[in-house]
$ cat run-v3.tsv   # TSV, C-alpha atoms
chain	number	residue	atom	x	y	z
K	845	MET	CA	115.81	145.33	82.23
K	846	LEU	CA	116.24	143.96	78.72
K	847	ILE	CA	113.65	142.88	76.19
K	848	GLU	CA	113.87	139.11	75.87
K	849	LYS	CA	111.13	138.52	73.30
K	850	ALA	CA	108.30	140.19	71.45
K	851	GLU	CA	105.31	138.23	70.13
K	852	VAL	CA	102.86	139.34	67.47
K	853	LEU	CA	99.43	137.92	68.34
K	854	VAL	CA	96.67	137.92	65.69
K	855	SER	CA	93.18	136.87	66.73
K	856	SER	CA	89.58	137.55	65.73
K	857	PRO	CA	87.21	137.54	68.73
K	858	GLY	CA	84.34	139.49	67.16
K	859	ARG	CA	86.73	141.25	64.78
K	860	ASN	CA	90.44	141.08	63.89
K	861	PHE	CA	93.04	142.40	66.31
K	862	VAL	CA	96.84	142.58	66.24
K	863	THR	CA	98.48	142.64	69.67
K	864	LEU	CA	102.17	142.95	70.53
K	865	ARG	CA	103.36	141.31	73.76
K	866	ILE	CA	106.83	142.23	74.98
K	867	THR	CA	108.52	140.18	77.71
K	868	THR	CA	111.59	141.30	79.62
K	869	ASP	CA	114.43	139.13	80.88
K	870	ASP	CA	112.92	139.17	84.38
K	871	GLY	CA	109.49	138.06	83.14
K	872	VAL	CA	107.51	141.31	83.06
K	873	THR	CA	105.12	141.54	80.11
K	874	GLY	CA	103.50	144.50	78.39
K	875	LEU	CA	100.78	144.71	75.74
K	876	GLY	CA	100.37	147.07	72.79
K	877	ASP	CA	97.58	147.39	70.21
K	878	ALA	CA	98.66	147.33	66.54
K	879	THR	CA	95.27	146.82	64.88
K	880	LEU	CA	94.74	148.49	61.51
K	881	ASN	CA	91.24	147.72	60.27
K	882	GLY	CA	91.32	145.81	56.98
K	883	ARG	CA	95.15	145.88	56.83
K	884	GLU	CA	95.90	143.90	59.99
K	885	LEU	CA	98.30	141.45	58.39
K	886	ALA	CA	100.39	144.25	56.89
K	887	VAL	CA	101.12	145.55	60.41
K	888	ALA	CA	101.69	142.04	61.75
K	889	ALA	CA	104.28	141.43	59.01
K	890	TYR	CA	105.95	144.81	59.60
K	891	LEU	CA	106.26	143.99	63.29
K	892	ARG	CA	107.48	140.43	62.84
K	893	GLU	CA	109.90	141.07	60.01
K	894	HIS	CA	111.21	144.56	60.71
K	895	VAL	CA	110.56	145.63	64.30
K	896	VAL	CA	110.74	142.61	66.60
K	897	PRO	CA	114.32	141.75	65.51
K	898	LEU	CA	115.35	145.28	66.52
K	899	LEU	CA	113.80	145.04	69.99
K	900	VAL	CA	115.44	141.95	71.47
K	901	GLY	CA	118.24	143.00	73.82
K	902	ARG	CA	117.14	146.64	74.13
K	903	ASP	CA	116.56	148.26	77.51
K	904	ALA	CA	112.79	148.17	78.10
K	905	HIS	CA	112.96	151.31	80.25
K	906	ARG	CA	114.26	153.49	77.38
K	907	ILE	CA	110.85	154.31	75.95
K	908	GLU	CA	111.61	157.66	74.30
K	909	ASP	CA	114.86	156.39	72.81
K	910	THR	CA	113.10	153.33	71.40
K	911	TRP	CA	110.38	155.54	69.91
K	912	GLN	CA	112.98	157.74	68.21
K	913	TYR	CA	114.95	154.68	67.08
K	914	LEU	CA	111.91	153.17	65.35
K	915	TYR	CA	110.68	156.48	63.88
K	916	ARG	CA	113.83	158.38	62.98
K	917	GLY	CA	115.87	155.28	62.38
K	918	ALA	CA	113.66	154.22	59.49
K	919	TYR	CA	114.17	156.18	56.27
K	920	TRP	CA	110.54	155.50	55.25
K	921	ARG	CA	108.67	157.30	58.02
K	922	ARG	CA	105.07	157.89	59.02
K	923	GLY	CA	102.02	156.20	57.56
K	924	PRO	CA	99.50	153.97	59.36
K	925	VAL	CA	101.46	150.69	59.16
K	926	THR	CA	104.65	152.18	60.58
K	927	MET	CA	102.92	154.27	63.24
K	928	ALA	CA	100.65	151.42	64.39
K	929	SER	CA	103.75	149.29	64.83
K	930	ILE	CA	105.53	152.00	66.79
K	931	ALA	CA	102.38	152.53	68.84
K	932	ALA	CA	102.27	148.87	69.83
K	933	VAL	CA	105.89	148.90	70.99
K	934	ASP	CA	105.49	152.20	72.83
K	935	THR	CA	102.29	151.17	74.64
K	936	ALA	CA	103.74	147.80	75.65
K	937	LEU	CA	106.84	149.49	77.10
K	938	TRP	CA	104.70	151.94	79.09
K	939	ASP	CA	102.69	148.96	80.37
K	940	ILE	CA	105.93	147.31	81.51
K	941	LYS	CA	107.31	150.45	83.13
K	942	ALA	CA	104.11	151.00	85.11
K	943	LYS	CA	104.02	147.37	86.25
K	944	VAL	CA	107.62	147.61	87.47
K	945	ALA	CA	106.73	150.81	89.32
K	946	GLY	CA	103.67	149.08	90.82
K	947	LEU	CA	101.40	151.91	89.63
K	948	PRO	CA	98.51	152.35	87.19
K	949	LEU	CA	99.91	153.90	84.05
K	950	TYR	CA	98.22	157.28	84.47
K	951	GLN	CA	100.35	157.89	87.56
K	952	LEU	CA	103.50	157.80	85.43
K	953	LEU	CA	101.96	160.36	83.08
K	954	GLY	CA	101.55	162.92	85.86
K	955	GLY	CA	98.63	161.54	87.83
K	956	ARG	CA	94.95	162.34	87.55
K	957	SER	CA	93.68	165.60	86.09
K	958	ARG	CA	90.07	164.40	86.47
K	959	ASN	CA	87.93	161.76	88.17
K	960	GLY	CA	86.89	160.00	84.95
K	961	LEU	CA	86.38	160.46	81.22
K	962	LEU	CA	83.11	161.66	79.71
K	963	VAL	CA	82.33	159.38	76.77
K	964	TYR	CA	79.92	159.34	73.87
K	965	GLY	CA	78.14	156.37	72.35
K	966	HIS	CA	76.87	155.61	68.85
K	967	ALA	CA	73.12	155.88	68.32
K	968	SER	CA	71.69	155.25	64.88
K	969	GLY	CA	68.57	154.36	62.97
K	970	ALA	CA	67.43	154.05	59.40
K	971	GLU	CA	64.44	156.27	60.30
K	972	LEU	CA	63.56	158.56	63.20
K	973	PRO	CA	61.63	156.07	65.40
K	974	GLU	CA	64.53	153.62	65.27
K	975	LEU	CA	67.02	156.43	65.93
K	976	PHE	CA	65.01	157.67	68.94
K	977	ASP	CA	64.92	154.13	70.34
K	978	SER	CA	68.68	153.84	69.94
K	979	ILE	CA	69.27	157.16	71.74
K	980	ARG	CA	67.07	156.04	74.64
K	981	GLU	CA	68.87	152.70	74.81
K	982	HIS	CA	72.20	154.49	75.09
K	983	GLN	CA	70.85	156.79	77.78
K	984	ASP	CA	69.58	153.75	79.68
K	985	GLU	CA	73.10	152.29	79.49
K	986	GLY	CA	74.43	155.47	81.11
K	987	TYR	CA	75.71	157.48	78.15
K	988	ARG	CA	75.48	161.24	78.66
K	989	ALA	CA	76.63	162.25	75.15
K	990	ILE	CA	75.42	160.68	71.90
K	991	ARG	CA	76.70	160.50	68.33
K	992	VAL	CA	73.73	160.58	65.94
K	993	GLN	CA	73.90	158.80	62.55
K	994	THR	CA	70.89	158.21	60.35
K	995	GLY	CA	69.74	156.57	57.16
K	996	ILE	CA	69.34	158.74	54.06
K	997	PRO	CA	66.21	158.42	51.89
K	998	GLY	CA	67.03	156.60	48.68
K	999	LEU	CA	70.25	154.97	49.97
K	1000	PRO	CA	70.08	151.30	51.01
K	1001	SER	CA	72.90	151.60	53.56
K	1002	VAL	CA	74.86	154.40	55.21
K	1003	TYR	CA	78.01	154.32	57.33
K	1004	GLY	CA	77.30	154.34	61.05
K	1005	VAL	CA	73.71	153.13	60.85
K	1006	ALA	CA	73.55	149.79	62.62
K	1007	SER	CA	70.73	147.86	61.03
K	1008	SER	CA	70.12	144.48	59.46
K	1009	ALA	CA	69.99	146.13	56.03
K	1010	ASN	CA	73.45	147.57	56.59
K	1011	ALA	CA	76.98	146.27	57.08
K	1012	ARG	CA	77.43	143.29	59.37
K	1013	ALA	CA	80.44	141.53	60.85
K	1014	GLY	CA	80.32	137.76	60.71
K	1015	ALA	CA	76.66	137.72	59.71
K	1016	ASP	CA	75.21	135.96	56.69
K	1017	ALA	CA	72.97	137.93	54.36
K	1018	GLY	CA	69.36	137.88	55.44
K	1019	THR	CA	69.95	137.73	59.19
K	1020	ASP	CA	68.86	140.37	61.68
K	1021	GLU	CA	72.29	140.92	63.25
K	1022	ARG	CA	73.19	144.58	63.66
K	1023	TYR	CA	76.75	145.76	63.18
K	1024	ASP	CA	77.00	147.66	66.45
K	1025	TYR	CA	80.36	146.06	67.12
K	1026	GLU	CA	82.10	146.36	63.77
K	1027	PRO	CA	81.22	147.69	60.29
K	1028	ALA	CA	83.97	145.64	58.59
K	1029	ARG	CA	82.42	142.64	56.89
K	1030	ARG	CA	84.06	139.24	56.75
K	1031	ASN	CA	84.55	138.92	53.04
K	1032	ALA	CA	87.38	138.43	50.55
K	1033	VAL	CA	86.80	141.89	49.05
K	1034	PRO	CA	85.16	145.07	50.35
K	1035	VAL	CA	81.41	145.49	49.94
K	1036	GLU	CA	80.40	148.49	47.83
K	1037	GLU	CA	77.97	151.12	49.13
K	1038	SER	CA	76.31	154.06	47.35
K	1039	TRP	CA	76.33	157.74	48.28
K	1040	ASP	CA	74.34	160.88	47.40
K	1041	THR	CA	75.71	164.07	48.94
K	1042	ARG	CA	72.78	166.31	48.02
K	1043	ALA	CA	70.29	163.91	49.59
K	1044	TYR	CA	72.44	163.80	52.73
K	1045	LEU	CA	72.68	167.59	53.01
K	1046	ARG	CA	68.91	167.95	52.58
K	1047	HIS	CA	68.09	165.30	55.16
K	1048	ILE	CA	70.48	165.78	58.08
K	1049	PRO	CA	69.32	169.19	59.42
K	1050	GLY	CA	65.76	167.90	59.80
K	1051	VAL	CA	67.04	164.86	61.71
K	1052	PHE	CA	68.84	167.02	64.26
K	1053	GLU	CA	65.83	169.31	64.57
K	1054	ALA	CA	63.72	166.26	65.41
K	1055	VAL	CA	66.27	164.91	67.87
K	1056	ARG	CA	66.51	168.27	69.66
K	1057	ASN	CA	62.71	168.54	69.83
K	1058	GLU	CA	62.49	165.04	71.30
K	1059	PHE	CA	65.45	165.08	73.72
K	1060	GLY	CA	65.87	168.74	74.59
K	1061	PRO	CA	68.77	171.20	74.51
K	1062	GLU	CA	70.99	169.70	77.22
K	1063	LEU	CA	72.00	166.38	75.61
K	1064	PRO	CA	75.42	166.71	73.90
K	1065	LEU	CA	75.01	165.57	70.27
K	1066	LEU	CA	77.78	164.65	67.84
K	1067	HIS	CA	77.78	163.73	64.15
K	1068	ASP	CA	80.31	162.16	61.77
K	1069	GLY	CA	80.44	163.27	58.12
K	1070	HIS	CA	83.07	160.58	57.42
K	1071	HIS	CA	85.20	162.59	54.98
K	1072	ARG	CA	82.47	162.62	52.33
K	1073	LEU	CA	82.04	166.33	51.61
K	1074	THR	CA	83.94	168.94	49.62
K	1075	PRO	CA	85.06	171.98	51.64
K	1076	ILE	CA	82.11	174.13	50.54
K	1077	GLN	CA	79.66	171.28	51.19
K	1078	ALA	CA	81.21	170.84	54.64
K	1079	ALA	CA	80.81	174.55	55.33
K	1080	LYS	CA	77.17	174.36	54.29
K	1081	LEU	CA	76.54	171.42	56.61
K	1082	GLY	CA	78.24	173.07	59.58
K	1083	LYS	CA	76.21	176.24	59.08
K	1084	SER	CA	72.92	174.35	58.69
K	1085	LEU	CA	73.53	172.48	61.96
K	1086	GLU	CA	74.35	175.56	64.06
K	1087	PRO	CA	70.79	175.89	65.46
K	1088	TYR	CA	71.10	172.42	67.02
K	1089	ASP	CA	74.21	173.15	69.09
K	1090	LEU	CA	76.39	170.14	68.24
K	1091	PHE	CA	79.19	169.14	70.58
K	1092	TRP	CA	81.15	168.56	67.39
K	1093	LEU	CA	80.92	167.82	63.68
K	1094	GLU	CA	83.48	165.17	62.78
K	1095	ASP	CA	85.50	164.55	59.61
K	1096	VAL	CA	83.40	166.76	57.37
K	1097	THR	CA	85.97	166.79	54.55
K	1098	PRO	CA	89.13	164.80	53.77
K	1099	ALA	CA	91.61	166.52	56.05
K	1100	GLU	CA	94.74	165.59	54.13
K	1101	ASN	CA	94.04	168.96	52.49
K	1102	GLN	CA	94.52	170.90	55.70
K	1103	ASP	CA	93.95	174.22	53.94
K	1104	ALA	CA	90.35	173.17	53.21
K	1105	LEU	CA	89.44	173.64	56.86
K	1106	ARG	CA	90.07	177.38	56.48
K	1107	LEU	CA	87.03	177.63	54.22
K	1108	VAL	CA	84.89	175.52	56.57
K	1109	ARG	CA	85.96	177.60	59.56
K	1110	GLN	CA	85.05	180.83	57.78
K	1111	HIS	CA	81.44	179.78	57.37
K	1112	THR	CA	80.44	177.98	60.58
K	1113	THR	CA	80.82	178.12	64.34
K	1114	THR	CA	79.94	174.42	64.73
K	1115	PRO	CA	82.92	172.83	66.55
K	1116	LEU	CA	85.07	170.60	64.32
K	1117	ALA	CA	86.79	167.31	65.13
K	1118	ILE	CA	89.39	165.83	62.78
K	1119	GLY	CA	92.11	163.23	62.71
K	1120	GLU	CA	91.13	159.61	63.22
K	1121	VAL	CA	93.08	158.76	60.04
K	1122	PHE	CA	96.08	160.92	61.01
K	1123	ASN	CA	99.27	159.32	62.32
K	1124	THR	CA	101.74	162.04	63.37
K	1125	ILE	CA	101.97	165.56	64.67
K	1126	TRP	CA	102.90	166.70	61.17
K	1127	ASP	CA	99.41	165.81	59.94
K	1128	TYR	CA	97.99	168.40	62.33
K	1129	LYS	CA	100.48	171.24	61.93
K	1130	THR	CA	98.33	173.70	59.96
K	1131	LEU	CA	95.08	172.66	61.67
K	1132	ILE	CA	96.49	173.29	65.14
K	1133	GLU	CA	98.56	176.41	64.46
K	1134	GLU	CA	95.66	178.15	62.67
K	1135	GLN	CA	93.09	176.82	65.16
K	1136	LEU	CA	91.02	175.29	62.37
K	1137	ILE	CA	89.75	172.42	64.53
K	1138	ASP	CA	88.54	172.05	68.11
K	1139	TYR	CA	89.24	168.37	68.83
K	1140	VAL	CA	92.08	165.97	67.94
K	1141	ARG	CA	90.68	162.57	66.96
K	1142	SER	CA	93.72	160.29	66.56
K	1143	PRO	CA	93.80	157.04	68.55
K	1144	ILE	CA	96.88	155.93	70.45
K	1145	THR	CA	96.92	152.81	68.27
K	1146	HIS	CA	97.55	154.72	65.02
K	1147	ALA	CA	99.47	157.79	66.21
K	1148	GLY	CA	102.67	156.32	67.57
K	1149	GLY	CA	101.43	155.23	70.97
K	1150	ILE	CA	101.20	157.15	74.21
K	1151	THR	CA	104.42	159.00	73.45
K	1152	GLY	CA	103.29	160.07	69.98
K	1153	LEU	CA	99.74	161.10	70.88
K	1154	ARG	CA	100.73	162.95	74.03
K	1155	ARG	CA	103.12	165.02	71.94
K	1156	ILE	CA	100.18	165.99	69.70
K	1157	PHE	CA	97.98	166.87	72.67
K	1158	ASP	CA	100.69	169.00	74.26
K	1159	TYR	CA	101.00	170.93	71.01
K	1160	ALA	CA	97.21	171.27	70.72
K	1161	SER	CA	96.87	172.54	74.28
K	1162	VAL	CA	98.82	175.69	73.39
K	1163	TYR	CA	95.94	176.59	71.06
K	1164	GLN	CA	93.09	175.53	73.40
K	1165	ILE	CA	92.32	172.46	71.29
K	1166	LYS	CA	91.12	169.38	73.17
K	1167	SER	CA	91.26	165.62	72.88
K	1168	GLY	CA	88.58	163.46	71.30
K	1169	ILE	CA	90.36	160.11	71.03
K	1170	HIS	CA	89.01	157.68	68.44
K	1171	GLY	CA	87.50	154.68	70.24
K	1172	PRO	CA	85.68	152.29	67.90
K	1173	THR	CA	85.76	148.52	68.25
K	1174	ASP	CA	88.67	148.27	65.80
K	1175	VAL	CA	90.81	149.73	68.57
K	1176	SER	CA	91.33	146.79	70.92
K	1177	PRO	CA	90.73	146.93	74.67
K	1178	VAL	CA	94.49	147.42	74.99
K	1179	GLY	CA	94.29	150.58	72.89
K	1180	LEU	CA	91.20	151.76	74.74
K	1181	ALA	CA	92.85	151.22	78.13
K	1182	ALA	CA	95.85	153.26	76.99
K	1183	ALA	CA	93.49	156.04	75.89
K	1184	ILE	CA	91.80	156.04	79.29
K	1185	HIS	CA	95.10	156.40	81.14
K	1186	LEU	CA	96.26	159.20	78.84
K	1187	GLY	CA	92.89	160.94	79.02
K	1188	LEU	CA	92.98	160.93	82.81
K	1189	ALA	CA	96.35	162.69	82.83
K	1190	ILE	CA	96.30	165.34	80.09
K	1191	PRO	CA	95.08	168.86	80.91
K	1192	ASN	CA	93.15	169.35	77.64
K	1193	PHE	CA	90.81	166.35	77.68
K	1194	GLY	CA	87.58	166.85	75.73
K	1195	ILE	CA	85.64	163.60	75.34
K	1196	GLN	CA	86.33	159.90	74.68
K	1197	GLU	CA	84.59	157.81	72.06
K	1198	TYR	CA	83.38	154.53	73.60
K	1199	MET	CA	81.89	151.87	71.36
K	1200	GLN	CA	81.63	148.77	73.52
K	1201	HIS	CA	83.38	145.62	72.34
K	1202	ALA	CA	81.62	142.35	71.62
K	1203	PRO	CA	81.48	139.75	74.44
K	1204	ALA	CA	83.86	137.51	72.48
K	1205	THR	CA	86.46	140.29	72.52
K	1206	HIS	CA	86.39	140.31	76.31
K	1207	ASP	CA	86.91	136.54	76.33
K	1208	VAL	CA	90.39	137.25	74.96
K	1209	PHE	CA	91.14	140.68	76.45
K	1210	HIS	CA	90.47	140.72	80.19
K	1211	THR	CA	89.97	144.32	81.28
K	1212	THR	CA	89.80	146.19	84.57
K	1213	TYR	CA	88.60	149.61	83.40
K	1214	SER	CA	85.03	150.57	84.28
K	1215	PHE	CA	82.09	152.44	82.75
K	1216	ALA	CA	79.55	154.09	85.05
K	1217	GLY	CA	77.57	157.30	85.07
K	1218	GLY	CA	78.56	158.07	81.49
K	1219	MET	CA	82.27	157.96	82.33
K	1220	LEU	CA	85.18	155.59	81.80
K	1221	ASP	CA	87.81	155.13	84.48
K	1222	ALA	CA	90.99	153.12	84.87
K	1223	SER	CA	91.49	150.68	87.71
K	1224	GLU	CA	94.33	150.93	90.21
K	1225	GLU	CA	95.97	147.78	88.83
K	1226	PRO	CA	99.62	148.37	87.85
K	1227	GLY	CA	100.15	149.02	84.15
K	1228	LEU	CA	97.34	149.24	81.62
K	1229	GLY	CA	95.10	146.83	83.51
K	1230	VAL	CA	94.54	144.50	80.53
K	1231	SER	CA	95.65	140.88	80.10
K	1232	TYR	CA	95.58	138.60	77.04
K	1233	ASP	CA	94.16	135.06	77.17
K	1234	ASP	CA	96.15	132.91	74.71
K	1235	GLU	CA	93.91	129.89	75.15
K	1236	ALA	CA	90.76	131.86	74.35
K	1237	ALA	CA	92.46	133.62	71.44
K	1238	ALA	CA	93.34	130.29	69.83
K	1239	SER	CA	89.65	129.64	69.19
K	1240	PHE	CA	89.31	132.89	67.21
K	1241	PRO	CA	91.60	132.68	64.16
K	1242	TYR	CA	92.04	135.55	61.73
K	1243	GLU	CA	89.34	135.97	59.07
K	1244	ALA	CA	89.64	138.45	56.23
K	1245	ALA	CA	87.35	141.45	56.77
K	1246	TYR	CA	87.16	144.82	55.10
K	1247	LEU	CA	85.42	148.13	55.62
K	1248	PRO	CA	83.14	149.00	52.69
K	1249	VAL	CA	84.10	151.13	49.72
K	1250	ASN	CA	81.87	153.89	48.42
K	1251	ARG	CA	80.59	154.94	45.00
K	1252	LEU	CA	78.45	157.85	43.90
K	1253	LEU	CA	75.19	157.03	42.15
K	1254	ASP	CA	76.91	157.37	38.76
K	1255	GLY	CA	79.47	154.73	39.74
K	1256	SER	CA	82.38	157.06	40.58
K	1257	MET	CA	84.58	156.06	43.50
K	1258	HIS	CA	84.07	158.32	46.52
K	1259	ASP	CA	85.49	158.65	50.02
K	1260	TRP	CA	84.18	156.13	52.52
$ encode --input "run-v3.tsv" --output "structure tokens"
Amino acid sequence: MLIEKAEVLVSSPGRNFVTLRITTDDGVTGLGDATLNGRELAVAAYLREHVVPLLVGRDAHRIEDTWQYLYRGAYWRRGPVTMASIAAVDTALWDIKAKVAGLPLYQLLGGRSRNGLLVYGHASGAELPELFDSIREHQDEGYRAIRVQTGIPGLPSVYGVASSANARAGADAGTDERYDYEPARRNAVPVEESWDTRAYLRHIPGVFEAVRNEFGPELPLLHDGHHRLTPIQAAKLGKSLEPYDLFWLEDVTPAENQDALRLVRQHTTTPLAIGEVFNTIWDYKTLIEEQLIDYVRSPITHAGGITGLRRIFDYASVYQIKSGIHGPTDVSPVGLAAAIHLGLAIPNFGIQEYMQHAPATHDVFHTTYSFAGGMLDASEEPGLGVSYDDEAAASFPYEAAYLPVNRLLDGSMHDW
């Protein structure tokens, strides 16, 4: 079964997506997500110019060999552009293989290890009343675990806080549209935000104390530091949040410096999640071997596909480290569906991030997965269970959009 063509599809239903569609010589198609937020066209060009010409005529069933061919066959390895491209090819080939087998993809990965995937949603508010309302709204929607992000006194906008004063996608200044779906703003250049670490560290413990007092001890709570702290600041935050029993504390310090997590680990028992910006197993080597984290955060879309991410999870399972797959709206429904199938099969599943896509996104990506009782589940449709509507996509052309950049109050560039 040979690959006859591979199409790179760029559309913007609610936000920009890059999708790879592979078609075999007997007409079977498979989809892969290649979206890289704010750098979508770089991946599209890499696929069109350097990957698609290598695929035509290859055996679609040789998934592992194709993965190795694209990874080891390129002298310039790793990195988000390369690994998102490999991920798209890998996921599309798994989609094809499962369709040919007449089975949902998770069956080819070993079958179910669980009945569904516990997910967490994103609750936020500039101040406590708004945050409490957001938590209740998520509970009403069925979420049983909640990520809590809050405004910081003195800062006009903060990552993860969905409010009209904050980042918006496709919204003109002065409107009331929240950015629940996407924090990247449609603009020619990134918007600049401000940051004050000391104000953040003073404010956050009191927020979690208030949330625990309001919602009790049973609700799993998560928080994202978004790479903004030094190692000692991250250690201080983890220790200060211990009384509030977090499910995890995410991305507390830039994890490219893997050794930094040793210091954080020495000072806090708050569980740590890292890796949404990681792309290969090599990024995790020290973190996994020294058990410096508790959850692996990479998405299938940026970590070399199902083949690449499963390899990471298998390695992590030796050290009792679990999955926490990245699932924002800049991972398309194709990438989310792949995560659901993989999460159903692996033995060391932890939790799945689930930020629901905009209605326009589902006009283009027709999905069959389901969300009920706080859990995601795949359908029994062969393959991934996602189809792409070309006609609908044509009405959503690409528009430049970028995540914000961040400066300290003195004007210095800082991690966003």
$ residues_around --input "run-v3.tsv" --residues "segment 1162-1174 of chain K" --least-positions-apart "5" --cutoff "8 Å" --atoms "only C-alpha atoms" --output "PyMOL selection string"
chain K and resi 859-861+879-881+1025-1026+1117+1120+1132-1133+1135+1137-1144+1157+1180+1183+1187+1192-1201
$ atom_distance --input "run-v3.tsv" --atom1 "atom CA of Pro1075 of chain K" --atom2 "atom CA of Thr1112 of chain K"
11.7 Å
$ residues_around --input "run-v3.tsv" --residues "Val1208 of chain K" --least-positions-apart "2" --cutoff "12 Å" --atoms "all atoms listed in the file" --output "PyMOL selection string"
chain K and resi 853-861+863+1176-1178+1201-1206+1210-1211+1230-1241
$ closest_residue --input "run-v3.tsv" --among "K:Pro1034, K:Gly874, K:Gly901, K:Gly1152" --to "Leu846 of chain K" --atoms "only C-alpha atoms"
K:Gly901
$ closest_residue --input "run-v3.tsv" --among "K:Glu1062, K:Glu1053, K:Asp1068, K:Glu971" --to "Pro1087 of chain K" --atoms "all atoms listed in the file"
K:Glu1053
$ residues_around --input "run-v3.tsv" --residues "Phe1122 of chain K" --least-positions-apart "6" --cutoff "9 Å" --atoms "all atoms listed in the file" --output "list in words"
Gly923, Pro924, Ala1099, Glu1100, Tyr1128, Arg1141, Ser1142, Pro1143, His1146 and Ala1147 of chain K
$ closest_residue --input "run-v3.tsv" --among "K:Asp1207, K:Ala1189, K:Tyr1044, K:Tyr1213" --to "Arg958 of chain K" --atoms "all atoms listed in the file"
K:Ala1189
$ closest_residue --input "run-v3.tsv" --among "K:Ala928, K:Ser1038, K:Leu885, K:Ile847" --to "Pro897 of chain K" --atoms "only C-alpha atoms"
K:Ile847
$ closest_residue --input "run-v3.tsv" --among "K:Leu1065, K:Leu961, K:Ala1160, K:Val862" --to "Gly1179 of chain K" --atoms "all atoms listed in the file"
K:Val862
$ atom_distance --input "run-v3.tsv" --atom1 "atom CA of Ala1043 of chain K" --atom2 "atom CA of Asn1101 of chain K"
24.5 Å
$ closest_residue --input "run-v3.tsv" --among "K:Leu1093, K:Leu864, K:Leu947, K:Val1002" --to "Tyr890 of chain K" --atoms "all atoms listed in the file"
K:Leu864
$ residues_around --input "run-v3.tsv" --residues "Asp1089 of chain K" --least-positions-apart "3" --cutoff "12 Å" --atoms "all atoms listed in the file" --output "PyMOL selection string"
chain K and resi 1049+1052-1053+1055-1056+1060-1067+1082-1086+1092-1093+1112-1115
$ write_last_selection --input "run-v3.tsv" --atoms "C-alpha atoms" --output "compact mmCIF listing (two decimals), keeping the file's coordinate frame"
# COMPACT_ATOMS: atom_id res chain seq x y z
CA PRO K 1049 69.32 169.19 59.42
CA PHE K 1052 68.84 167.02 64.26
CA GLU K 1053 65.83 169.31 64.57
CA VAL K 1055 66.27 164.91 67.87
CA ARG K 1056 66.51 168.27 69.66
CA GLY K 1060 65.87 168.74 74.59
CA PRO K 1061 68.77 171.20 74.51
CA GLU K 1062 70.99 169.70 77.22
CA LEU K 1063 72.00 166.38 75.61
CA PRO K 1064 75.42 166.71 73.90
CA LEU K 1065 75.01 165.57 70.27
CA LEU K 1066 77.78 164.65 67.84
CA HIS K 1067 77.78 163.73 64.15
CA GLY K 1082 78.24 173.07 59.58
CA LYS K 1083 76.21 176.24 59.08
CA SER K 1084 72.92 174.35 58.69
CA LEU K 1085 73.53 172.48 61.96
CA GLU K 1086 74.35 175.56 64.06
CA TRP K 1092 81.15 168.56 67.39
CA LEU K 1093 80.92 167.82 63.68
CA THR K 1112 80.44 177.98 60.58
CA THR K 1113 80.82 178.12 64.34
CA THR K 1114 79.94 174.42 64.73
CA PRO K 1115 82.92 172.83 66.55
$ axis_aligned_box --input "run-v3.tsv" --around "segment 985-999 of chain K" --padding-each-side "6 Å" --output "lines of an AutoDock Vina configuration file"
center_x = 71.5
center_y = 157.3
center_z = 64.9
size_x = 22.5
size_y = 22.0
size_z = 44.4
$ residues_around --input "run-v3.tsv" --residues "Lys1080 of chain K" --least-positions-apart "6" --cutoff "12 Å" --atoms "only C-alpha atoms" --output "PyMOL selection string"
chain K and resi 1041-1042+1044-1046+1048-1049+1073-1074+1086+1096-1097+1107-1114
